[in-house]
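> Dropping a structure here in structure tokens format, bear with me for questions.
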Amino acid sequence: MKAGSGFDAGRAWRIRLLYSAVWWLAMPLVLLRLWRRGSKEPGYRQHVLERIGFYAPLAPPLAAGKFLWVHAVSVGETRAAEPLIAAMLDAYPDHAILLTHMTATGRATGQALFGKSPRVLQCFLPYDTGWMVGRFLRHFSPRLCVLMETEVWPNLIVQCGRYKVPVALVNARLSERSLRRGKRFSTLMTEAAGGMSCVGAQTAADAGRLQQLGGSNVQVTGNLKFDVTPAAALLAVGAAMRAQIGKRPVLLCASTRDGEEQLILEAWSKRGEAPAYANLLMIIVPRHPQRFDQVAELAAAKGLPSLRRSRLGGEPVPPQVKILVGDSMGEMFAYYAACDVAFIGGSLLPMGGQNLIEAFAVGKPVLIGPHTFNFSDITEQAIAAGAAQRVSDVDNMLDTALQLLQADQQRQTMGEQASQFAQQHRGATARTMALLAPFI
């Protein structure tokens with residue numbers, strides 16, 4: 001792909017030079033922040049040299065030049081990449097997968113999914129300076145770069161062009177808000193778009209917005225997350241968890257973000273003594289693991305009897321416990337399997353929402369708040385299909401959840417519609433593989 005005729009390559013070079021200079025000037029602060037974050041998440045203090053472009057020698061059977069590189073920045077992108085990576089391993093048995101991340105939780109998720117595969121190598125992607133990315137590319141010599149969802153880095157794409165590595169952006173999404181932000185940096189974004197060989201968008205609306213940023217060879221391939229199948233082992237964990245809970249109705253607040261738990265627990269503390277809520281158990285699973293302690297402390301401060309999932313063991317959940325804090329990683333499908341109704345976080349406050357699809361895959365009714373601009377198309381489709389309901393605020397969320405928990409037939413119907421919705425949207429993996437095939 002080439003930038004349009006109005007593209008000023010000299011201006012792009014100067015802006016990218018400034019962009020790179022900012023990275024280098026900020027590097028001491030970036031590394032200091034990384035080290036501080038590692039005090040709560042030890043994974044950030046591991047493999048630090050990889051983040052600046054230094055990697056261990058490759059050991060057999062892995063060899064430079066035989067890698068198909070997939071970049072999945074964090075947990076959600078790594079899970080979405082699972083069916084695609086499995087298909088690539090199957091279709092190209094003489095190649096290995098280089099799976100890169102930026103977050104420690106993303107790397108841990110990748111280890112859980114692919115740690116037993118001798119043909120998957122994980123590492124951190126270096127920061128986006130030309131020198132560091134160049135070292136990375138010379139070390140691994142990948143045949144293809146596959147970026148997941150929104151990971152467009154200017155220097156990375158330019159360096160891939162320099163080393164003749166085709167770049168594909170897959171499972172791509174771009175909200176209206178992100179489009180407006182991208183247009184403020186149009187020179188960098190246009191150059192980056194011009195360096196991509198192909199784009200697989202989640203929806204037609206995403207495709208249109210990506211084309212406005214300068215993308216070409218843009219195809220609608222669908223959302224890979226619909227092709228993620230819940231592992232039988234996780235469903236078994238969910239069934240066991242549900243057995244520990246018993247017959248109590250269960251509301252799951254999944255992937256909640258900072259500020260939302262405060263709202264939820266405050267509203268819940270005011271209702272907990274009402275007869276309709278007396279037997280209800282709420283499970284709260286924060287989006288980020290570094291906040292597990294904070295959420296447990298919030299529940300205690302509100303006077304709500306709580307228990308952490310990590311301390312439950314094999315014992316039943318005591319009847320006096322009102323809040324179960326989901327402080328385990330990689331068990332989201334299990335939490336969905338254990339609940340009756342799921343609220344998806346990141347949507348009560350203007351954070352853009354989170355992935356709804358895992359709940360649909362387990363056939364659970366979904367509630368979603370007013371702020372879903374990062375997942376607007378799929379959210380509206382799910383609401384239209386009867387698989388989800390939108391709520392206006394935290395009180396409306398609790399009222400709607402209680403109403404569903406008391407209406408067995410309506411809840412069952414929503415669950416069936418959720419399963420059907422997930423099934424109807426499968427197939428993105430095959431379409432994405434077809435998009436990538438000419439470049440491998």
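Chain lettering (A, B, ...) mirrors the order of the structure tokens, residue numbering begins at 1 for each chain separately, and ligand numbering begins at 1 in order of display.
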I'd like the neighbourhood of region 332-340 of chain A as a ChimeraX atom specification, where a residue qualifies if any of its atoms comes within 7 Å (using only C-alpha atoms), though same-chain residues fewer than 5 positions away should be ignored.
/A:230,234-235,237-239,241-242,249-252,358-359,362,364
> Could you pull out all residues of region 321-431 of chain A with a DSSP call of strand (DSSP E) and give them as number ranges by chain?
A: 323-325, 341-344, 366-368, 388-390
> Please produce a file of the residues just selected, as an mmCIF file, in the first residue's frame, where the atoms kept are C-alpha atoms.

data_model
loop_
_atom_site.group_PDB
_atom_site.id
_atom_site.type_symbol
_atom_site.label_atom_id
_atom_site.label_comp_id
_atom_site.auth_asym_id
_atom_site.auth_seq_id
_atom_site.Cartn_x
_atom_site.Cartn_y
_atom_site.Cartn_z
ATOM 1 C CA ILE A 323 -19.461 -10.053 47.398
ATOM 2 C CA LEU A 324 -17.103 -12.558 45.801
ATOM 3 C CA VAL A 325 -14.039 -10.787 44.390
ATOM 4 C CA VAL A 341 -26.685 -12.468 34.560
ATOM 5 C CA ALA A 342 -23.539 -10.618 33.485
ATOM 6 C CA PHE A 343 -22.883 -6.882 33.531
ATOM 7 C CA ILE A 344 -19.906 -5.891 31.362
ATOM 8 C CA VAL A 366 -25.733 -9.331 29.217
ATOM 9 C CA LEU A 367 -26.257 -5.863 30.657
ATOM 10 C CA ILE A 368 -24.179 -3.011 29.300
ATOM 11 C CA ALA A 388 -28.123 -7.745 25.683
ATOM 12 C CA GLN A 389 -29.866 -4.833 27.364
ATOM 13 C CA ARG A 390 -28.502 -1.345 27.840
#
> As a CSV table (one decimal) with N, CA, C and O atoms, in the first residue's frame, please: every residue in region 71-239 of chain A that a backbone DSSP assignment puts in helix (DSSP H, G or I).

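Written out: result.csv:
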chain,number,residue,atom,x,y,z
A,75,VAL,N,-4.3,-8.7,27.3
A,75,VAL,CA,-5.1,-9.9,27.5
A,75,VAL,C,-6.2,-10.1,26.4
A,75,VAL,O,-6.3,-11.2,25.8
A,76,GLY,N,-7.0,-9.1,26.2
A,76,GLY,CA,-8.1,-9.2,25.2
A,76,GLY,C,-7.6,-9.5,23.8
A,76,GLY,O,-8.2,-10.4,23.2
A,77,GLU,N,-6.5,-8.9,23.4
A,77,GLU,CA,-6.0,-9.1,22.0
A,77,GLU,C,-5.4,-10.5,22.0
A,77,GLU,O,-5.5,-11.2,20.9
A,78,THR,N,-4.8,-11.0,23.1
A,78,THR,CA,-4.2,-12.3,23.1
A,78,THR,C,-5.2,-13.4,23.0
A,78,THR,O,-5.1,-14.4,22.2
A,79,ARG,N,-6.3,-13.2,23.7
A,79,ARG,CA,-7.4,-14.2,23.7
A,79,ARG,C,-8.0,-14.2,22.3
A,79,ARG,O,-8.4,-15.2,21.7
A,80,ALA,N,-8.2,-13.0,21.7
A,80,ALA,CA,-8.8,-12.9,20.4
A,80,ALA,C,-7.9,-13.6,19.3
A,80,ALA,O,-8.4,-14.2,18.3
A,81,ALA,N,-6.6,-13.6,19.5
A,81,ALA,CA,-5.6,-14.2,18.6
A,81,ALA,C,-5.6,-15.7,18.7
A,81,ALA,O,-5.1,-16.3,17.8
A,82,GLU,N,-6.2,-16.3,19.7
A,82,GLU,CA,-6.0,-17.7,19.9
A,82,GLU,C,-6.5,-18.5,18.7
A,82,GLU,O,-5.8,-19.4,18.2
A,83,PRO,N,-7.7,-18.3,18.2
A,83,PRO,CA,-8.1,-19.2,17.1
A,83,PRO,C,-7.3,-18.9,15.8
A,83,PRO,O,-7.1,-19.8,15.0
A,84,LEU,N,-6.8,-17.7,15.6
A,84,LEU,CA,-6.0,-17.3,14.5
A,84,LEU,C,-4.7,-18.0,14.6
A,84,LEU,O,-4.2,-18.6,13.6
A,85,ILE,N,-4.0,-18.0,15.7
A,85,ILE,CA,-2.7,-18.6,15.9
A,85,ILE,C,-2.9,-20.1,15.7
A,85,ILE,O,-2.0,-20.8,15.1
A,86,ALA,N,-3.9,-20.7,16.3
A,86,ALA,CA,-4.1,-22.2,16.1
A,86,ALA,C,-4.3,-22.5,14.6
A,86,ALA,O,-3.7,-23.5,14.1
A,87,ALA,N,-5.0,-21.7,13.9
A,87,ALA,CA,-5.2,-21.9,12.4
A,87,ALA,C,-3.9,-21.8,11.7
A,87,ALA,O,-3.6,-22.5,10.7
A,88,MET,N,-3.0,-20.8,12.0
A,88,MET,CA,-1.7,-20.6,11.4
A,88,MET,C,-0.8,-21.7,11.7
A,88,MET,O,-0.1,-22.2,10.8
A,89,LEU,N,-0.8,-22.2,12.9
A,89,LEU,CA,0.1,-23.4,13.2
A,89,LEU,C,-0.3,-24.6,12.4
A,89,LEU,O,0.5,-25.4,11.9
A,90,ASP,N,-1.6,-24.8,12.2
A,90,ASP,CA,-2.1,-25.9,11.4
A,90,ASP,C,-1.8,-25.8,9.9
A,90,ASP,O,-1.5,-26.7,9.3
A,91,ALA,N,-2.0,-24.6,9.4
A,91,ALA,CA,-1.9,-24.3,8.0
A,91,ALA,C,-0.4,-24.2,7.5
A,91,ALA,O,-0.1,-24.6,6.3
A,104,ALA,N,2.4,-7.3,30.9
A,104,ALA,CA,2.7,-8.5,31.6
A,104,ALA,C,1.5,-9.5,31.6
A,104,ALA,O,1.7,-10.7,31.5
A,105,THR,N,0.3,-9.0,31.8
A,105,THR,CA,-0.8,-9.8,31.8
A,105,THR,C,-1.1,-10.5,30.4
A,105,THR,O,-1.5,-11.6,30.3
A,106,GLY,N,-0.8,-9.7,29.3
A,106,GLY,CA,-0.9,-10.3,28.0
A,106,GLY,C,0.0,-11.4,27.8
A,106,GLY,O,-0.3,-12.5,27.3
A,107,ARG,N,1.3,-11.2,28.3
A,107,ARG,CA,2.3,-12.3,28.2
A,107,ARG,C,1.8,-13.5,29.0
A,107,ARG,O,2.0,-14.7,28.5
A,108,ALA,N,1.3,-13.3,30.2
A,108,ALA,CA,0.9,-14.4,31.0
A,108,ALA,C,-0.3,-15.2,30.4
A,108,ALA,O,-0.4,-16.4,30.4
A,109,THR,N,-1.2,-14.4,29.7
A,109,THR,CA,-2.3,-15.1,29.0
A,109,THR,C,-1.8,-15.9,27.8
A,109,THR,O,-2.2,-17.0,27.6
A,110,GLY,N,-0.8,-15.4,27.1
A,110,GLY,CA,-0.2,-16.1,26.0
A,110,GLY,C,0.5,-17.4,26.5
A,110,GLY,O,0.4,-18.4,25.8
A,111,GLN,N,1.1,-17.3,27.6
A,111,GLN,CA,1.8,-18.5,28.2
A,111,GLN,C,0.8,-19.5,28.6
A,111,GLN,O,1.0,-20.7,28.4
A,112,ALA,N,-0.4,-19.1,29.2
A,112,ALA,CA,-1.4,-20.0,29.5
A,112,ALA,C,-2.0,-20.7,28.3
A,112,ALA,O,-2.4,-21.9,28.3
A,113,LEU,N,-2.2,-20.0,27.2
A,113,LEU,CA,-2.8,-20.5,26.0
A,113,LEU,C,-1.8,-21.4,25.2
A,113,LEU,O,-2.2,-22.4,24.6
A,114,PHE,N,-0.6,-20.9,25.1
A,114,PHE,CA,0.4,-21.6,24.1
A,114,PHE,C,1.7,-22.0,24.7
A,114,PHE,O,2.6,-22.4,24.0
A,130,GLY,N,12.9,3.6,15.9
A,130,GLY,CA,13.4,2.8,14.7
A,130,GLY,C,14.6,1.9,15.1
A,130,GLY,O,14.7,0.8,14.6
A,131,TRP,N,15.5,2.3,16.0
A,131,TRP,CA,16.7,1.5,16.3
A,131,TRP,C,16.3,0.3,17.0
A,131,TRP,O,16.7,-0.8,16.7
A,132,MET,N,15.3,0.4,18.0
A,132,MET,CA,14.9,-0.8,18.7
A,132,MET,C,14.1,-1.8,17.9
A,132,MET,O,14.3,-3.0,17.9
A,133,VAL,N,13.2,-1.3,17.1
A,133,VAL,CA,12.4,-2.1,16.2
A,133,VAL,C,13.3,-2.8,15.2
A,133,VAL,O,13.1,-3.9,14.8
A,134,GLY,N,14.3,-2.0,14.7
A,134,GLY,CA,15.2,-2.6,13.7
A,134,GLY,C,16.0,-3.8,14.3
A,134,GLY,O,16.2,-4.8,13.6
A,135,ARG,N,16.5,-3.7,15.5
A,135,ARG,CA,17.1,-4.8,16.2
A,135,ARG,C,16.2,-6.0,16.3
A,135,ARG,O,16.6,-7.1,16.0
A,136,PHE,N,15.0,-5.7,16.7
A,136,PHE,CA,14.0,-6.8,16.8
A,136,PHE,C,13.8,-7.5,15.4
A,136,PHE,O,13.9,-8.8,15.4
A,137,LEU,N,13.7,-6.8,14.4
A,137,LEU,CA,13.4,-7.4,13.0
A,137,LEU,C,14.7,-8.1,12.5
A,137,LEU,O,14.5,-9.2,11.9
A,138,ARG,N,15.8,-7.6,12.8
A,138,ARG,CA,17.1,-8.3,12.4
A,138,ARG,C,17.3,-9.6,13.1
A,138,ARG,O,17.8,-10.6,12.6
A,139,HIS,N,16.8,-9.6,14.4
A,139,HIS,CA,17.0,-10.8,15.3
A,139,HIS,C,16.1,-11.9,14.8
A,139,HIS,O,16.5,-13.1,14.7
A,140,PHE,N,14.8,-11.6,14.5
A,140,PHE,CA,13.8,-12.7,14.3
A,140,PHE,C,13.5,-12.9,12.8
A,140,PHE,O,13.1,-13.9,12.4
A,154,PRO,N,3.9,3.8,14.3
A,154,PRO,CA,4.5,4.4,13.1
A,154,PRO,C,5.9,3.9,12.8
A,154,PRO,O,6.2,3.5,11.6
A,155,ASN,N,6.8,3.8,13.8
A,155,ASN,CA,8.2,3.4,13.4
A,155,ASN,C,8.2,1.9,13.1
A,155,ASN,O,9.0,1.4,12.3
A,156,LEU,N,7.4,1.1,13.8
A,156,LEU,CA,7.3,-0.3,13.6
A,156,LEU,C,6.9,-0.6,12.1
A,156,LEU,O,7.6,-1.4,11.4
A,157,ILE,N,5.9,0.1,11.6
A,157,ILE,CA,5.5,-0.1,10.3
A,157,ILE,C,6.5,0.4,9.2
A,157,ILE,O,6.7,-0.3,8.2
A,158,VAL,N,7.1,1.5,9.5
A,158,VAL,CA,8.2,2.0,8.6
A,158,VAL,C,9.3,1.0,8.5
A,158,VAL,O,9.9,0.7,7.5
A,159,GLN,N,9.8,0.5,9.7
A,159,GLN,CA,10.9,-0.5,9.7
A,159,GLN,C,10.5,-1.8,9.1
A,159,GLN,O,11.3,-2.4,8.4
A,160,CYS,N,9.2,-2.2,9.2
A,160,CYS,CA,8.8,-3.4,8.5
A,160,CYS,C,8.9,-3.2,7.0
A,160,CYS,O,9.4,-4.1,6.3
A,161,GLY,N,8.6,-2.0,6.5
A,161,GLY,CA,8.7,-1.8,5.1
A,161,GLY,C,10.2,-1.8,4.7
A,161,GLY,O,10.5,-2.3,3.6
A,162,ARG,N,11.1,-1.3,5.5
A,162,ARG,CA,12.5,-1.3,5.2
A,162,ARG,C,13.1,-2.7,5.1
A,162,ARG,O,13.9,-2.9,4.3
A,176,GLU,N,-15.4,6.1,16.4
A,176,GLU,CA,-15.4,7.5,15.9
A,176,GLU,C,-14.5,8.4,16.7
A,176,GLU,O,-13.8,9.3,16.2
A,177,ARG,N,-14.4,8.2,18.0
A,177,ARG,CA,-13.5,9.0,18.9
A,177,ARG,C,-12.1,8.8,18.5
A,177,ARG,O,-11.3,9.7,18.4
A,178,SER,N,-11.7,7.5,18.2
A,178,SER,CA,-10.3,7.2,17.8
A,178,SER,C,-10.0,7.8,16.4
A,178,SER,O,-8.9,8.2,16.1
A,179,LEU,N,-11.0,7.8,15.5
A,179,LEU,CA,-10.9,8.4,14.2
A,179,LEU,C,-10.6,9.9,14.3
A,179,LEU,O,-9.6,10.4,13.7
A,180,ARG,N,-11.3,10.6,15.2
A,180,ARG,CA,-11.0,12.0,15.4
A,180,ARG,C,-9.6,12.2,15.9
A,180,ARG,O,-8.9,13.1,15.5
A,181,ARG,N,-9.2,11.4,16.9
A,181,ARG,CA,-7.9,11.5,17.5
A,181,ARG,C,-6.8,11.2,16.4
A,181,ARG,O,-5.8,11.9,16.3
A,182,GLY,N,-7.1,10.2,15.6
A,182,GLY,CA,-6.1,9.8,14.5
A,182,GLY,C,-5.9,11.0,13.5
A,182,GLY,O,-4.8,11.2,13.0
A,183,LYS,N,-7.0,11.7,13.2
A,183,LYS,CA,-6.9,12.7,12.2
A,183,LYS,C,-6.1,13.9,12.7
A,183,LYS,O,-5.6,14.7,11.9
A,184,ARG,N,-6.0,14.0,14.1
A,184,ARG,CA,-5.1,15.1,14.6
A,184,ARG,C,-3.6,14.8,14.3
A,184,ARG,O,-2.8,15.6,14.4
A,186,SER,N,-2.6,13.1,11.5
A,186,SER,CA,-2.9,12.5,10.1
A,186,SER,C,-1.7,12.2,9.4
A,186,SER,O,-1.7,11.2,8.6
A,187,THR,N,-0.6,13.0,9.5
A,187,THR,CA,0.6,12.6,8.7
A,187,THR,C,1.2,11.3,9.1
A,187,THR,O,1.5,10.5,8.3
A,188,LEU,N,1.4,11.1,10.5
A,188,LEU,CA,1.9,9.8,11.0
A,188,LEU,C,1.0,8.7,10.6
A,188,LEU,O,1.4,7.6,10.2
A,189,MET,N,-0.4,8.9,10.8
A,189,MET,CA,-1.3,7.8,10.6
A,189,MET,C,-1.4,7.5,9.1
A,189,MET,O,-1.6,6.3,8.7
A,190,THR,N,-1.3,8.5,8.2
A,190,THR,CA,-1.4,8.2,6.8
A,190,THR,C,-0.2,7.4,6.3
A,190,THR,O,-0.3,6.5,5.5
A,191,GLU,N,1.0,7.8,6.8
A,191,GLU,CA,2.2,7.0,6.5
A,191,GLU,C,2.1,5.6,7.0
A,191,GLU,O,2.4,4.6,6.3
A,192,ALA,N,1.6,5.4,8.3
A,192,ALA,CA,1.4,4.1,8.8
A,192,ALA,C,0.4,3.2,8.0
A,192,ALA,O,0.7,2.1,7.7
A,193,ALA,N,-0.7,3.9,7.6
A,193,ALA,CA,-1.7,3.2,6.8
A,193,ALA,C,-1.1,2.8,5.5
A,193,ALA,O,-1.4,1.7,5.0
A,194,GLY,N,-0.3,3.6,4.9
A,194,GLY,CA,0.3,3.3,3.6
A,194,GLY,C,1.3,2.2,3.7
A,194,GLY,O,1.7,1.6,2.7
A,204,ALA,N,-18.3,-3.3,8.9
A,204,ALA,CA,-18.3,-2.4,7.8
A,204,ALA,C,-18.0,-0.9,8.2
A,204,ALA,O,-17.3,-0.2,7.6
A,205,ALA,N,-18.6,-0.6,9.4
A,205,ALA,CA,-18.3,0.7,9.9
A,205,ALA,C,-16.9,0.9,10.3
A,205,ALA,O,-16.3,2.0,10.0
A,206,ASP,N,-16.2,-0.1,10.9
A,206,ASP,CA,-14.8,0.0,11.2
A,206,ASP,C,-14.0,0.1,9.9
A,206,ASP,O,-13.1,0.9,9.9
A,207,ALA,N,-14.4,-0.6,8.9
A,207,ALA,CA,-13.7,-0.6,7.6
A,207,ALA,C,-13.7,0.8,7.0
A,207,ALA,O,-12.7,1.4,6.5
A,208,GLY,N,-14.9,1.5,7.1
A,208,GLY,CA,-15.0,2.8,6.6
A,208,GLY,C,-14.2,3.8,7.3
A,208,GLY,O,-13.5,4.7,6.7
A,209,ARG,N,-14.1,3.7,8.6
A,209,ARG,CA,-13.3,4.6,9.4
A,209,ARG,C,-11.8,4.4,9.1
A,209,ARG,O,-11.0,5.3,9.0
A,210,LEU,N,-11.4,3.1,9.0
A,210,LEU,CA,-10.0,2.8,8.7
A,210,LEU,C,-9.6,3.4,7.3
A,210,LEU,O,-8.5,3.8,7.1
A,211,GLN,N,-10.5,3.3,6.3
A,211,GLN,CA,-10.2,3.9,5.0
A,211,GLN,C,-10.1,5.4,5.1
A,211,GLN,O,-9.3,5.9,4.4
A,212,GLN,N,-10.8,6.0,6.0
A,212,GLN,CA,-10.7,7.5,6.1
A,212,GLN,C,-9.3,7.9,6.6
A,212,GLN,O,-8.8,9.0,6.4
A,224,LEU,N,-12.7,-12.0,15.5
A,224,LEU,CA,-12.1,-13.3,15.8
A,224,LEU,C,-12.6,-13.8,17.2
A,224,LEU,O,-12.6,-15.0,17.5
A,225,LYS,N,-13.1,-12.9,18.1
A,225,LYS,CA,-13.5,-13.3,19.4
A,225,LYS,C,-14.7,-14.2,19.4
A,225,LYS,O,-14.9,-15.0,20.3
A,226,PHE,N,-15.5,-14.1,18.3
A,226,PHE,CA,-16.6,-15.1,18.2
A,226,PHE,C,-16.1,-16.5,17.9
A,226,PHE,O,-16.9,-17.4,18.2
A,227,ASP,N,-14.9,-16.7,17.5
A,227,ASP,CA,-14.4,-18.0,17.2
A,227,ASP,C,-13.7,-18.6,18.4
A,227,ASP,O,-13.2,-19.7,18.3
A,232,ALA,N,-13.2,-26.7,27.8
A,232,ALA,CA,-14.0,-27.5,28.7
A,232,ALA,C,-13.6,-27.5,30.2
A,232,ALA,O,-14.4,-27.5,31.1
A,233,ALA,N,-12.2,-27.3,30.3
A,233,ALA,CA,-11.7,-27.2,31.7
A,233,ALA,C,-12.2,-26.0,32.4
A,233,ALA,O,-12.5,-26.1,33.6
A,234,LEU,N,-12.3,-24.9,31.7
A,234,LEU,CA,-12.8,-23.6,32.3
A,234,LEU,C,-14.3,-23.8,32.7
A,234,LEU,O,-14.8,-23.3,33.7
A,235,LEU,N,-15.1,-24.4,31.8
A,235,LEU,CA,-16.5,-24.6,32.0
A,235,LEU,C,-16.7,-25.5,33.2
A,235,LEU,O,-17.6,-25.3,34.0
A,236,ALA,N,-15.8,-26.4,33.4
A,236,ALA,CA,-15.9,-27.3,34.6
A,236,ALA,C,-15.5,-26.5,35.9
A,236,ALA,O,-16.2,-26.7,36.9
A,237,VAL,N,-14.6,-25.6,35.8
A,237,VAL,CA,-14.3,-24.8,36.9
A,237,VAL,C,-15.5,-23.9,37.3
A,237,VAL,O,-15.8,-23.7,38.4
A,238,GLY,N,-16.1,-23.4,36.2
A,238,GLY,CA,-17.3,-22.6,36.5
A,238,GLY,C,-18.5,-23.4,37.1
A,238,GLY,O,-19.1,-22.9,38.0
A,239,ALA,N,-18.6,-24.6,36.7
A,239,ALA,CA,-19.7,-25.5,37.2
A,239,ALA,C,-19.3,-25.8,38.7
A,239,ALA,O,-20.2,-25.8,39.6
> Quick one: distance from CA of Gly214 (chain A) to CA of Leu99 (chain A) in Å, one decimal?
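Answer for the CA of Gly214 (chain A) to CA of Leu99 (chain A) separation: 26.8 Å.
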> CA of Leu312 (chain A) and CA of Arg411 (chain A), how far apart in Å?
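Value for the CA of Arg411 (chain A)-CA of Leu312 (chain A) distance: 27.7 Å.
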> Got a sec: who's within 9 Å of region 298-311 of chain A, counting only C-alpha atoms, leaving out chain neighbours fewer than 2 positions off, as a PyMOL selection string?
chain A and resi 261-262+265-266+268-269+272+292-296+313+317-318+320-328
> What is the CA of Leu348 (chain A)-CA of Met397 (chain A) distance in Å, reported with one decimal?
9.2 Å
> For Val146 (chain A), which of A:Thr103, A:Ser347, A:Val220, A:Val70 is the closest residue, counting only C-alpha atoms?
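When distances to Val146 (chain A) are compared using only C-alpha atoms, the smallest one comes from A:Val70.
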